[in-house]
>>> print(open('entry_1.txt').read())   # compact mmCIF, C-alpha atoms
# COMPACT_ATOMS: atom_id res chain seq x y z
CA MET A 3 -12.74 6.89 -46.80
CA SER A 4 -15.51 9.50 -46.45
CA ASP A 5 -15.05 12.51 -44.18
CA ARG A 6 -17.71 11.18 -41.83
CA LYS A 7 -16.05 7.75 -41.47
CA ARG A 8 -12.62 9.34 -41.06
CA SER A 9 -13.94 11.63 -38.29
CA THR A 10 -15.62 8.69 -36.55
CA ALA A 11 -12.43 6.58 -36.63
CA LEU A 12 -10.28 9.42 -35.29
CA ALA A 13 -12.69 10.17 -32.45
CA LEU A 14 -12.87 6.53 -31.33
CA ALA A 15 -9.08 6.10 -31.58
CA SER A 16 -8.56 9.19 -29.43
CA ALA A 17 -11.03 7.97 -26.81
CA LEU A 18 -9.46 4.50 -26.60
CA ALA A 19 -5.94 5.96 -26.38
CA GLY A 20 -7.02 8.20 -23.51
CA ALA A 21 -8.51 5.24 -21.65
CA ALA A 22 -5.32 3.21 -22.13
CA VAL A 23 -3.18 5.99 -20.68
CA LEU A 24 -5.42 6.27 -17.63
CA LEU A 25 -5.42 2.52 -17.00
CA ALA A 26 -1.62 2.46 -17.18
CA ALA A 27 -1.17 5.22 -14.56
CA PRO A 28 0.41 3.99 -11.29
CA ALA A 29 -1.69 4.16 -8.09
CA ALA A 30 1.11 4.07 -5.53
CA HIS A 31 4.87 3.99 -5.22
CA ALA A 32 6.32 0.98 -3.38
CA ALA A 33 9.90 -0.06 -2.64
CA VAL A 34 11.66 -2.83 -0.74
CA VAL A 35 13.76 -1.01 1.87
CA ASP A 36 16.68 -2.40 3.88
CA VAL A 37 16.08 -1.82 7.58
CA GLN A 38 18.88 -2.26 10.11
CA TYR A 39 17.27 -3.47 13.31
CA ASN A 40 19.18 -2.86 16.54
CA CYS A 41 17.71 -5.34 19.01
CA LYS A 42 17.76 -5.28 22.80
CA THR A 43 17.54 -8.95 23.81
CA PRO A 44 17.58 -10.69 27.21
CA ILE A 45 21.15 -11.86 26.45
CA GLY A 46 22.54 -8.64 25.02
CA ASP A 47 22.42 -6.36 21.98
CA LYS A 48 22.18 -7.77 18.47
CA SER A 49 21.63 -6.28 15.03
CA ALA A 50 20.52 -7.52 11.63
CA VAL A 51 19.43 -6.06 8.31
CA SER A 52 16.19 -7.19 6.70
CA PRO A 53 14.57 -5.92 3.48
CA ILE A 54 11.07 -4.75 4.36
CA GLU A 55 8.08 -4.54 2.03
CA ILE A 56 4.81 -2.80 2.93
CA LYS A 57 1.62 -3.25 0.90
CA GLY A 58 -1.72 -1.45 1.17
CA VAL A 59 -5.03 -2.86 -0.12
CA LYS A 60 -8.46 -1.22 0.14
CA GLU A 61 -10.66 -2.93 2.70
CA GLY A 62 -13.96 -1.42 3.81
CA ASN A 63 -13.43 2.20 4.82
CA GLY A 64 -9.66 1.81 5.09
CA TYR A 65 -6.57 0.02 3.91
CA LYS A 66 -5.25 -3.29 5.09
CA LEU A 67 -1.48 -2.94 5.50
CA THR A 68 0.88 -5.91 5.28
CA MET A 69 4.50 -5.71 6.42
CA SER A 70 6.79 -8.46 5.12
CA PHE A 71 10.31 -9.37 6.28
CA GLN A 72 12.55 -10.95 3.64
CA LYS A 73 15.27 -11.94 6.15
CA GLY A 74 15.29 -13.01 9.77
CA VAL A 75 16.28 -10.71 12.65
CA SER A 76 17.80 -11.34 16.08
CA SER A 77 18.18 -14.94 17.32
CA SER A 78 17.67 -17.13 20.38
CA PRO A 79 20.33 -19.13 22.29
CA ILE A 80 17.82 -21.95 22.57
CA GLU A 81 15.40 -23.48 20.10
CA LEU A 82 12.01 -21.76 19.91
CA GLY A 83 9.34 -24.40 19.49
CA LYS A 84 6.42 -24.07 17.14
CA GLY A 85 4.19 -21.19 18.26
CA ALA A 86 6.67 -19.97 20.91
CA MET A 87 7.36 -16.57 19.28
CA THR A 88 4.83 -13.78 18.63
CA PRO A 89 5.82 -10.70 16.57
CA SER A 90 4.32 -7.22 16.35
CA ALA A 91 5.47 -3.84 15.04
CA VAL A 92 4.39 -0.33 14.16
CA ILE A 93 4.27 1.31 10.75
CA MET A 94 5.02 5.03 10.83
CA VAL A 95 2.73 7.20 8.69
CA GLY A 96 4.07 10.55 7.51
CA GLY A 97 3.04 13.22 5.03
CA ALA A 98 -0.56 14.42 5.19
CA GLU A 99 -0.71 13.18 8.78
CA LYS A 100 1.70 11.67 11.28
CA VAL A 101 0.42 8.59 13.10
CA SER A 102 1.59 5.10 13.98
CA VAL A 103 -0.29 1.99 12.91
CA PRO A 104 0.16 -1.19 14.97
CA VAL A 105 0.54 -4.43 13.01
CA SER A 106 0.82 -7.98 14.29
CA GLY A 107 1.22 -11.51 13.00
CA PRO A 108 0.71 -15.14 13.97
CA PRO A 109 3.22 -17.12 16.05
CA ASN A 110 6.03 -18.95 14.26
CA PRO A 111 4.53 -21.87 12.28
CA GLU A 112 7.68 -23.99 12.67
CA ALA A 113 10.39 -24.43 15.30
CA ILE A 114 13.31 -21.97 15.08
CA PRO A 115 16.71 -23.57 15.76
CA ALA A 116 19.04 -22.03 18.34
CA ASN A 117 21.34 -19.22 17.17
CA THR A 118 19.38 -18.87 13.92
CA PRO A 119 17.90 -15.59 12.61
CA ILE A 120 14.26 -15.44 13.66
CA LYS A 121 11.98 -15.39 10.61
CA ILE A 122 9.16 -12.93 11.23
CA THR A 123 5.73 -13.86 9.86
CA ASP A 124 3.86 -11.24 7.83
CA LEU A 125 2.39 -8.54 10.06
CA ALA A 126 -0.97 -7.00 9.22
CA GLY A 127 -3.11 -4.11 10.42
CA THR A 128 -5.60 -1.53 9.16
CA TYR A 129 -5.06 2.22 8.76
CA THR A 130 -7.90 4.74 8.53
CA PRO A 131 -6.69 8.19 7.45
CA LYS A 132 -8.11 11.18 9.27
CA LYS A 133 -6.73 13.56 6.64
CA SER A 134 -6.68 13.42 2.85
CA GLY A 135 -3.46 13.70 0.85
CA LYS A 136 -0.23 11.85 0.17
CA VAL A 137 1.17 9.69 2.97
CA THR A 138 4.34 7.63 3.40
CA LEU A 139 4.53 4.30 5.23
CA THR A 140 7.81 3.41 6.94
CA ALA A 141 8.91 0.45 9.07
CA GLY A 142 8.99 1.25 12.79
CA VAL A 143 9.88 -0.62 15.99
CA LEU A 144 9.61 -4.44 15.94
CA THR A 145 8.74 -6.37 19.11
CA ILE A 146 9.36 -10.10 19.55
CA LYS A 147 7.86 -11.96 22.49
CA ALA A 148 9.11 -15.49 23.17
CA MET A 149 9.47 -17.80 26.17
CA GLY A 150 8.34 -15.09 28.58
CA THR A 151 10.89 -12.56 27.27
CA THR A 152 10.56 -9.44 25.13
CA THR A 153 13.03 -8.30 22.45
CA THR A 154 12.70 -4.77 21.07
CA CYS A 155 14.27 -3.98 17.69
CA THR A 156 14.59 -0.35 16.60
CA PRO A 157 15.47 0.77 13.03
CA GLY A 158 18.92 2.31 13.31
CA ASN A 159 19.56 3.48 9.76
CA SER A 160 16.68 5.97 9.32
CA PRO A 161 15.07 3.85 6.58
CA GLY A 162 13.08 5.53 3.83
CA PRO A 163 9.39 4.83 3.16
CA SER A 164 8.40 1.42 1.84
CA LEU A 165 5.14 2.75 0.38
CA GLU A 166 3.64 6.09 -0.71
CA LEU A 167 -0.12 6.47 -1.12
CA ASP A 168 -2.67 9.12 -2.02
CA VAL A 169 -5.44 8.71 0.56
CA THR A 170 -8.86 10.21 1.18
CA ALA A 171 -10.21 10.45 4.71
CA PRO A 172 -13.78 9.28 5.36
CA GLY A 173 -15.97 12.36 5.10
CA GLY A 174 -13.31 14.20 3.08
CA GLY A 175 -11.08 15.36 5.95
CA SER A 176 -8.51 17.97 4.89
CA ALA A 177 -4.76 17.75 5.32
CA THR A 178 -4.80 20.55 7.92
CA GLY A 179 -5.43 20.19 11.62
CA SER A 180 -4.07 18.22 14.55
CA THR A 181 -2.22 14.93 14.30
CA GLY A 182 -2.54 11.86 16.46
CA SER A 183 -2.01 8.13 16.60
CA THR A 184 -4.30 5.50 15.16
CA GLY A 185 -5.19 2.39 17.12
CA SER A 186 -6.34 -0.96 15.85
CA THR A 187 -9.93 -1.81 14.97
CA GLY A 188 -10.64 -5.38 14.00
CA SER A 189 -7.36 -6.12 12.27
CA THR A 190 -4.76 -3.71 13.67
CA GLY A 191 -4.85 -0.06 12.66
CA GLY A 192 -7.38 2.09 10.85
CA SER A 193 -8.88 2.66 7.37
CA LEU A 194 -7.42 3.97 4.14
CA PRO A 195 -8.92 4.63 0.79
CA GLN A 196 -7.97 2.05 -1.74
CA THR A 197 -4.38 1.86 -2.98
CA GLY A 198 -4.15 -1.66 -4.23
CA PRO A 199 -3.95 -2.47 -7.91
CA GLU A 200 -7.53 -3.76 -8.05
CA ASP A 201 -8.96 -0.56 -6.60
CA SER A 202 -6.87 1.59 -8.91
CA ALA A 203 -7.98 -0.41 -11.93
CA ILE A 204 -11.63 0.13 -11.00
CA ALA A 205 -11.20 3.86 -10.48
CA LEU A 206 -9.11 4.36 -13.60
CA GLY A 207 -11.38 2.12 -15.61
CA THR A 208 -14.29 4.38 -14.66
CA LEU A 209 -12.34 7.39 -15.90
CA GLY A 210 -11.46 5.53 -19.08
CA ALA A 211 -15.13 4.78 -19.67
CA THR A 212 -15.89 8.47 -19.23
CA VAL A 213 -13.30 9.29 -21.89
CA ILE A 214 -14.81 6.72 -24.26
CA LEU A 215 -18.31 8.10 -23.69
CA SER A 216 -17.01 11.60 -24.35
CA GLY A 217 -15.48 10.37 -27.60
CA ALA A 218 -18.74 8.71 -28.59
CA ALA A 219 -20.60 11.94 -27.92
CA GLY A 220 -18.15 13.72 -30.21
CA VAL A 221 -18.78 11.14 -32.94
CA LEU A 222 -22.55 11.67 -32.72
CA TRP A 223 -22.06 15.44 -32.92
CA LEU A 224 -19.82 15.08 -35.99
CA THR A 225 -22.28 12.70 -37.63
CA ARG A 226 -25.28 14.99 -37.06
CA ARG A 227 -23.29 17.98 -38.26
CA GLY A 228 -22.45 16.11 -41.48
CA GLN A 229 -26.09 15.19 -41.96
CA ARG A 230 -27.20 18.82 -41.50
CA ALA A 231 -24.51 19.98 -43.97
CA ARG A 232 -25.73 17.54 -46.64
CA SER A 233 -29.38 18.53 -46.08
>>> encode(input="entry_1.txt", output="structure tokens")
Amino acid sequence: MSDRKRSTALALASALAGAAVLLAAPAAHAAVVDVQYNCKTPIGDKSAVSPIEIKGVKEGNGYKLTMSFQKGVSSSPIELGKGAMTPSAVIMVGGAEKVSVPVSGPPNPEAIPANTPIKITDLAGTYTPKKSGKVTLTAGVLTIKAMGTTTTCTPGNSPGPSLELDVTAPGGGSATGSTGSTGSTGSTGGSLPQTGPEDSAIALGTLGATVILSGAAGVLWLTRRGQRARS
């Protein structure tokens, strides 16, 4: 193989390898966390542990957050008919800023038998960061409204974060300054920069393309240098 062809092959291989590394880089750290809910119900105190998963996907100027319960919590002494129970909760944001994001979900799609753990539908809301940096998302207080009663369930085991994200505030807000709470707009909460896999793939793919273009530029430079040397 000539020196020119060997140089071209090495440059392209290096560019493609760099793009592959960038595309493989993780965008966020997520974990399913066991949360012990201590519930104050109309008929007394109850507790239950449910694994909680929180996901964040770029949507408009923010992130849509989804909070999923893998096990039921609390229970009712009587059957709850279809649509009789409405859940809501808050997701605690820590790190670059400290705020709470309200999330809510639809009523129960099926009847819940008496003395059976209440299955919570997925809760969703939107978070808009006011500061840029790394944030953590942790399950907060859960509220269940049913049959004219309200049950409040508080995490009692100091659960760790279910999701960690690197966020950018609209307008490039810094991680310094005052903190506050975020209310809901449209779907509950505020906006985040993209953390979902699709967004990360787009961003990293752009970087990968830049690496490839840089490699191609190097190939052209090597080729022209070889031509000048021969002439």
>>> closest_residue(input="entry_1.txt", among="A:Leu67, A:Ile120, A:Ile114, A:Val75", to="Pro157 in chain A", atoms="all atoms listed in the file")
A:Val75
>>> closest_residue(input="entry_1.txt", among="A:Ala116, A:Val137, A:Val92, A:Ala126", to="Leu165 in chain A", atoms="all atoms listed in the file")
A:Val137
>>> residues_near_point(input="entry_1.txt", point="(12.3, -12.0, 9.0)", cutoff="10 Å", atoms="only C-alpha atoms", output="PDB file with C-alpha atoms, in the frame of the given file")
ATOM      1  CA  ALA A  50      20.520  -7.520  11.630  1.00  0.00           C
ATOM      2  CA  VAL A  51      19.430  -6.060   8.310  1.00  0.00           C
ATOM      3  CA  SER A  52      16.190  -7.190   6.700  1.00  0.00           C
ATOM      4  CA  PRO A  53      14.570  -5.920   3.480  1.00  0.00           C
ATOM      5  CA  ILE A  54      11.070  -4.750   4.360  1.00  0.00           C
ATOM      6  CA  SER A  70       6.790  -8.460   5.120  1.00  0.00           C
ATOM      7  CA  PHE A  71      10.310  -9.370   6.280  1.00  0.00           C
ATOM      8  CA  GLN A  72      12.550 -10.950   3.640  1.00  0.00           C
ATOM      9  CA  LYS A  73      15.270 -11.940   6.150  1.00  0.00           C
ATOM     10  CA  GLY A  74      15.290 -13.010   9.770  1.00  0.00           C
ATOM     11  CA  VAL A  75      16.280 -10.710  12.650  1.00  0.00           C
ATOM     12  CA  SER A  76      17.800 -11.340  16.080  1.00  0.00           C
ATOM     13  CA  PRO A 119      17.900 -15.590  12.610  1.00  0.00           C
ATOM     14  CA  ILE A 120      14.260 -15.440  13.660  1.00  0.00           C
ATOM     15  CA  LYS A 121      11.980 -15.390  10.610  1.00  0.00           C
ATOM     16  CA  ILE A 122       9.160 -12.930  11.230  1.00  0.00           C
ATOM     17  CA  THR A 123       5.730 -13.860   9.860  1.00  0.00           C
ATOM     18  CA  ASP A 124       3.860 -11.240   7.830  1.00  0.00           C
TER      19      ASP A 124
END
>>> atom_distance(input="entry_1.txt", atom1="CA of Ser49 in chain A", atom2="CA of Lys100 in chain A")
27.1 Å
>>> atom_distance(input="entry_1.txt", atom1="CA of Val169 in chain A", atom2="CA of Val143 in chain A")
23.7 Å
>>> closest_residue(input="entry_1.txt", among="A:Thr151, A:Ser106, A:Asn63, A:Thr140", to="Ala86 in chain A", atoms="all atoms listed in the file")
A:Thr151
>>> atom_distance(input="entry_1.txt", atom1="CA of Ser164 in chain A", atom2="CA of Lys132 in chain A")
20.6 Å
>>> residues_around(input="entry_1.txt", residues="Val105 in chain A", least_positions_apart="6", cutoff="6 Å", atoms="all atoms listed in the file", output="ChimeraX atom specification")
/A:90-92,125-127,190
>>> closest_residue(input="entry_1.txt", among="A:Val35, A:Leu139, A:Leu144, A:Val59", to="Pro89 in chain A", atoms="only C-alpha atoms")
A:Leu144
>>> residues_around(input="entry_1.txt", residues="Glu112 in chain A", least_positions_apart="5", cutoff="10 Å", atoms="all atoms listed in the file", output="list in words")
Leu82, Gly83, Lys84, Gly85, Ala86, Met87 and Lys121 of chain A
>>> closest_residue(input="entry_1.txt", among="A:Thr145, A:Thr43, A:Thr138, A:Thr154", to="Met94 in chain A", atoms="only C-alpha atoms")
A:Thr138
>>> decode(input="entry_1.txt", residues="range 109-151 of chain A", atoms="N, CA and C atoms", output="PDB file, in the first residue's frame")
ATOM      1  N   PRO A 109     -56.905   9.078  36.468  1.00  0.00           N
ATOM      2  CA  PRO A 109     -57.547   8.221  37.456  1.00  0.00           C
ATOM      3  C   PRO A 109     -57.317   6.748  37.134  1.00  0.00           C
ATOM      4  N   ASN A 110     -57.585   5.884  38.113  1.00  0.00           N
ATOM      5  CA  ASN A 110     -57.374   4.448  37.916  1.00  0.00           C
ATOM      6  C   ASN A 110     -58.242   3.933  36.772  1.00  0.00           C
ATOM      7  N   PRO A 111     -57.643   3.229  35.798  1.00  0.00           N
ATOM      8  CA  PRO A 111     -58.392   2.761  34.630  1.00  0.00           C
ATOM      9  C   PRO A 111     -59.284   1.557  34.927  1.00  0.00           C
ATOM     10  N   GLU A 112     -59.037   0.890  36.046  1.00  0.00           N
ATOM     11  CA  GLU A 112     -59.842  -0.276  36.426  1.00  0.00           C
ATOM     12  C   GLU A 112     -60.174  -0.193  37.909  1.00  0.00           C
ATOM     13  N   ALA A 113     -61.208  -0.917  38.320  1.00  0.00           N
ATOM     14  CA  ALA A 113     -61.588  -0.941  39.734  1.00  0.00           C
ATOM     15  C   ALA A 113     -60.466  -1.562  40.574  1.00  0.00           C
ATOM     16  N   ILE A 114     -60.291  -1.039  41.794  1.00  0.00           N
ATOM     17  CA  ILE A 114     -59.276  -1.554  42.716  1.00  0.00           C
ATOM     18  C   ILE A 114     -59.996  -2.262  43.858  1.00  0.00           C
ATOM     19  N   PRO A 115     -59.809  -3.572  44.002  1.00  0.00           N
ATOM     20  CA  PRO A 115     -60.508  -4.316  45.054  1.00  0.00           C
ATOM     21  C   PRO A 115     -60.163  -3.797  46.451  1.00  0.00           C
ATOM     22  N   ALA A 116     -61.038  -4.049  47.399  1.00  0.00           N
ATOM     23  CA  ALA A 116     -60.807  -3.639  48.783  1.00  0.00           C
ATOM     24  C   ALA A 116     -59.572  -4.328  49.345  1.00  0.00           C
ATOM     25  N   ASN A 117     -58.854  -3.606  50.225  1.00  0.00           N
ATOM     26  CA  ASN A 117     -57.676  -4.139  50.914  1.00  0.00           C
ATOM     27  C   ASN A 117     -56.602  -4.657  49.957  1.00  0.00           C
ATOM     28  N   THR A 118     -56.495  -3.987  48.809  1.00  0.00           N
ATOM     29  CA  THR A 118     -55.493  -4.334  47.795  1.00  0.00           C
ATOM     30  C   THR A 118     -54.588  -3.126  47.563  1.00  0.00           C
ATOM     31  N   PRO A 119     -53.269  -3.339  47.457  1.00  0.00           N
ATOM     32  CA  PRO A 119     -52.384  -2.193  47.181  1.00  0.00           C
ATOM     33  C   PRO A 119     -52.866  -1.399  45.976  1.00  0.00           C
ATOM     34  N   ILE A 120     -52.911  -0.081  46.139  1.00  0.00           N
ATOM     35  CA  ILE A 120     -53.400   0.788  45.073  1.00  0.00           C
ATOM     36  C   ILE A 120     -52.307   1.000  44.033  1.00  0.00           C
ATOM     37  N   LYS A 121     -52.566   0.552  42.807  1.00  0.00           N
ATOM     38  CA  LYS A 121     -51.609   0.737  41.709  1.00  0.00           C
ATOM     39  C   LYS A 121     -51.707   2.163  41.202  1.00  0.00           C
ATOM     40  N   ILE A 122     -50.583   2.871  41.266  1.00  0.00           N
ATOM     41  CA  ILE A 122     -50.545   4.267  40.834  1.00  0.00           C
ATOM     42  C   ILE A 122     -50.213   4.340  39.345  1.00  0.00           C
ATOM     43  N   THR A 123     -51.031   5.079  38.590  1.00  0.00           N
ATOM     44  CA  THR A 123     -50.734   5.266  37.171  1.00  0.00           C
ATOM     45  C   THR A 123     -49.481   6.137  37.025  1.00  0.00           C
ATOM     46  N   ASP A 124     -48.856   6.092  35.855  1.00  0.00           N
ATOM     47  CA  ASP A 124     -47.669   6.922  35.620  1.00  0.00           C
ATOM     48  C   ASP A 124     -48.026   8.397  35.800  1.00  0.00           C
ATOM     49  N   LEU A 125     -47.131   9.110  36.494  1.00  0.00           N
ATOM     50  CA  LEU A 125     -47.334  10.536  36.736  1.00  0.00           C
ATOM     51  C   LEU A 125     -46.382  11.328  35.842  1.00  0.00           C
ATOM     52  N   ALA A 126     -46.866  12.402  35.262  1.00  0.00           N
ATOM     53  CA  ALA A 126     -46.038  13.162  34.318  1.00  0.00           C
ATOM     54  C   ALA A 126     -46.109  14.659  34.604  1.00  0.00           C
ATOM     55  N   GLY A 127     -45.033  15.340  34.283  1.00  0.00           N
ATOM     56  CA  GLY A 127     -44.954  16.789  34.430  1.00  0.00           C
ATOM     57  C   GLY A 127     -43.774  17.308  33.632  1.00  0.00           C
ATOM     58  N   THR A 128     -43.599  18.615  33.595  1.00  0.00           N
ATOM     59  CA  THR A 128     -42.513  19.220  32.826  1.00  0.00           C
ATOM     60  C   THR A 128     -41.667  20.105  33.727  1.00  0.00           C
ATOM     61  N   TYR A 129     -40.353  19.972  33.586  1.00  0.00           N
ATOM     62  CA  TYR A 129     -39.417  20.770  34.397  1.00  0.00           C
ATOM     63  C   TYR A 129     -38.592  21.680  33.491  1.00  0.00           C
ATOM     64  N   THR A 130     -38.571  22.969  33.806  1.00  0.00           N
ATOM     65  CA  THR A 130     -37.740  23.926  33.071  1.00  0.00           C
ATOM     66  C   THR A 130     -36.651  24.430  34.008  1.00  0.00           C
ATOM     67  N   PRO A 131     -35.397  24.081  33.767  1.00  0.00           N
ATOM     68  CA  PRO A 131     -34.334  24.527  34.663  1.00  0.00           C
ATOM     69  C   PRO A 131     -34.103  26.032  34.553  1.00  0.00           C
ATOM     70  N   LYS A 132     -33.844  26.656  35.687  1.00  0.00           N
ATOM     71  CA  LYS A 132     -33.496  28.069  35.696  1.00  0.00           C
ATOM     72  C   LYS A 132     -31.990  28.250  35.823  1.00  0.00           C
ATOM     73  N   LYS A 133     -31.286  27.136  36.069  1.00  0.00           N
ATOM     74  CA  LYS A 133     -29.833  27.171  36.176  1.00  0.00           C
ATOM     75  C   LYS A 133     -29.257  25.989  35.419  1.00  0.00           C
ATOM     76  N   SER A 134     -28.092  26.180  34.839  1.00  0.00           N
ATOM     77  CA  SER A 134     -27.418  25.122  34.092  1.00  0.00           C
ATOM     78  C   SER A 134     -26.513  24.322  35.024  1.00  0.00           C
ATOM     79  N   GLY A 135     -26.363  23.026  34.725  1.00  0.00           N
ATOM     80  CA  GLY A 135     -25.496  22.176  35.525  1.00  0.00           C
ATOM     81  C   GLY A 135     -26.088  20.788  35.697  1.00  0.00           C
ATOM     82  N   LYS A 136     -25.549  20.048  36.637  1.00  0.00           N
ATOM     83  CA  LYS A 136     -26.024  18.686  36.893  1.00  0.00           C
ATOM     84  C   LYS A 136     -27.096  18.724  37.974  1.00  0.00           C
ATOM     85  N   VAL A 137     -28.228  18.051  37.701  1.00  0.00           N
ATOM     86  CA  VAL A 137     -29.310  17.989  38.678  1.00  0.00           C
ATOM     87  C   VAL A 137     -29.661  16.537  38.972  1.00  0.00           C
ATOM     88  N   THR A 138     -30.240  16.308  40.152  1.00  0.00           N
ATOM     89  CA  THR A 138     -30.738  14.992  40.531  1.00  0.00           C
ATOM     90  C   THR A 138     -32.245  15.076  40.681  1.00  0.00           C
ATOM     91  N   LEU A 139     -32.931  13.984  40.340  1.00  0.00           N
ATOM     92  CA  LEU A 139     -34.392  13.924  40.448  1.00  0.00           C
ATOM     93  C   LEU A 139     -34.752  12.789  41.399  1.00  0.00           C
ATOM     94  N   THR A 140     -35.475  13.122  42.461  1.00  0.00           N
ATOM     95  CA  THR A 140     -35.787  12.167  43.519  1.00  0.00           C
ATOM     96  C   THR A 140     -37.281  12.171  43.818  1.00  0.00           C
ATOM     97  N   ALA A 141     -37.836  10.986  44.087  1.00  0.00           N
ATOM     98  CA  ALA A 141     -39.259  10.871  44.412  1.00  0.00           C
ATOM     99  C   ALA A 141     -39.584  11.647  45.684  1.00  0.00           C
ATOM    100  N   GLY A 142     -40.678  12.425  45.645  1.00  0.00           N
ATOM    101  CA  GLY A 142     -41.132  13.175  46.808  1.00  0.00           C
ATOM    102  C   GLY A 142     -42.479  12.667  47.305  1.00  0.00           C
ATOM    103  N   VAL A 143     -43.251  13.548  47.915  1.00  0.00           N
ATOM    104  CA  VAL A 143     -44.530  13.184  48.527  1.00  0.00           C
ATOM    105  C   VAL A 143     -45.549  12.768  47.462  1.00  0.00           C
ATOM    106  N   LEU A 144     -46.280  11.689  47.754  1.00  0.00           N
ATOM    107  CA  LEU A 144     -47.343  11.174  46.889  1.00  0.00           C
ATOM    108  C   LEU A 144     -48.685  11.492  47.538  1.00  0.00           C
ATOM    109  N   THR A 145     -49.635  11.964  46.747  1.00  0.00           N
ATOM    110  CA  THR A 145     -50.977  12.270  47.251  1.00  0.00           C
ATOM    111  C   THR A 145     -52.004  11.461  46.466  1.00  0.00           C
ATOM    112  N   ILE A 146     -52.901  10.792  47.198  1.00  0.00           N
ATOM    113  CA  ILE A 146     -53.950   9.984  46.575  1.00  0.00           C
ATOM    114  C   ILE A 146     -55.300  10.525  47.017  1.00  0.00           C
ATOM    115  N   LYS A 147     -56.108  10.940  46.057  1.00  0.00           N
ATOM    116  CA  LYS A 147     -57.457  11.410  46.371  1.00  0.00           C
ATOM    117  C   LYS A 147     -58.474  10.394  45.855  1.00  0.00           C
ATOM    118  N   ALA A 148     -59.378   9.962  46.756  1.00  0.00           N
ATOM    119  CA  ALA A 148     -60.369   8.955  46.376  1.00  0.00           C
ATOM    120  C   ALA A 148     -61.589   9.056  47.285  1.00  0.00           C
ATOM    121  N   MET A 149     -62.768   8.996  46.683  1.00  0.00           N
ATOM    122  CA  MET A 149     -64.018   8.948  47.432  1.00  0.00           C
ATOM    123  C   MET A 149     -64.132  10.107  48.432  1.00  0.00           C
ATOM    124  N   GLY A 150     -63.664  11.293  48.030  1.00  0.00           N
ATOM    125  CA  GLY A 150     -63.756  12.448  48.899  1.00  0.00           C
ATOM    126  C   GLY A 150     -62.729  12.482  50.009  1.00  0.00           C
ATOM    127  N   THR A 151     -61.756  11.588  50.005  1.00  0.00           N
ATOM    128  CA  THR A 151     -60.710  11.553  51.030  1.00  0.00           C
ATOM    129  C   THR A 151     -59.349  11.813  50.403  1.00  0.00           C
TER     130      THR A 151
END
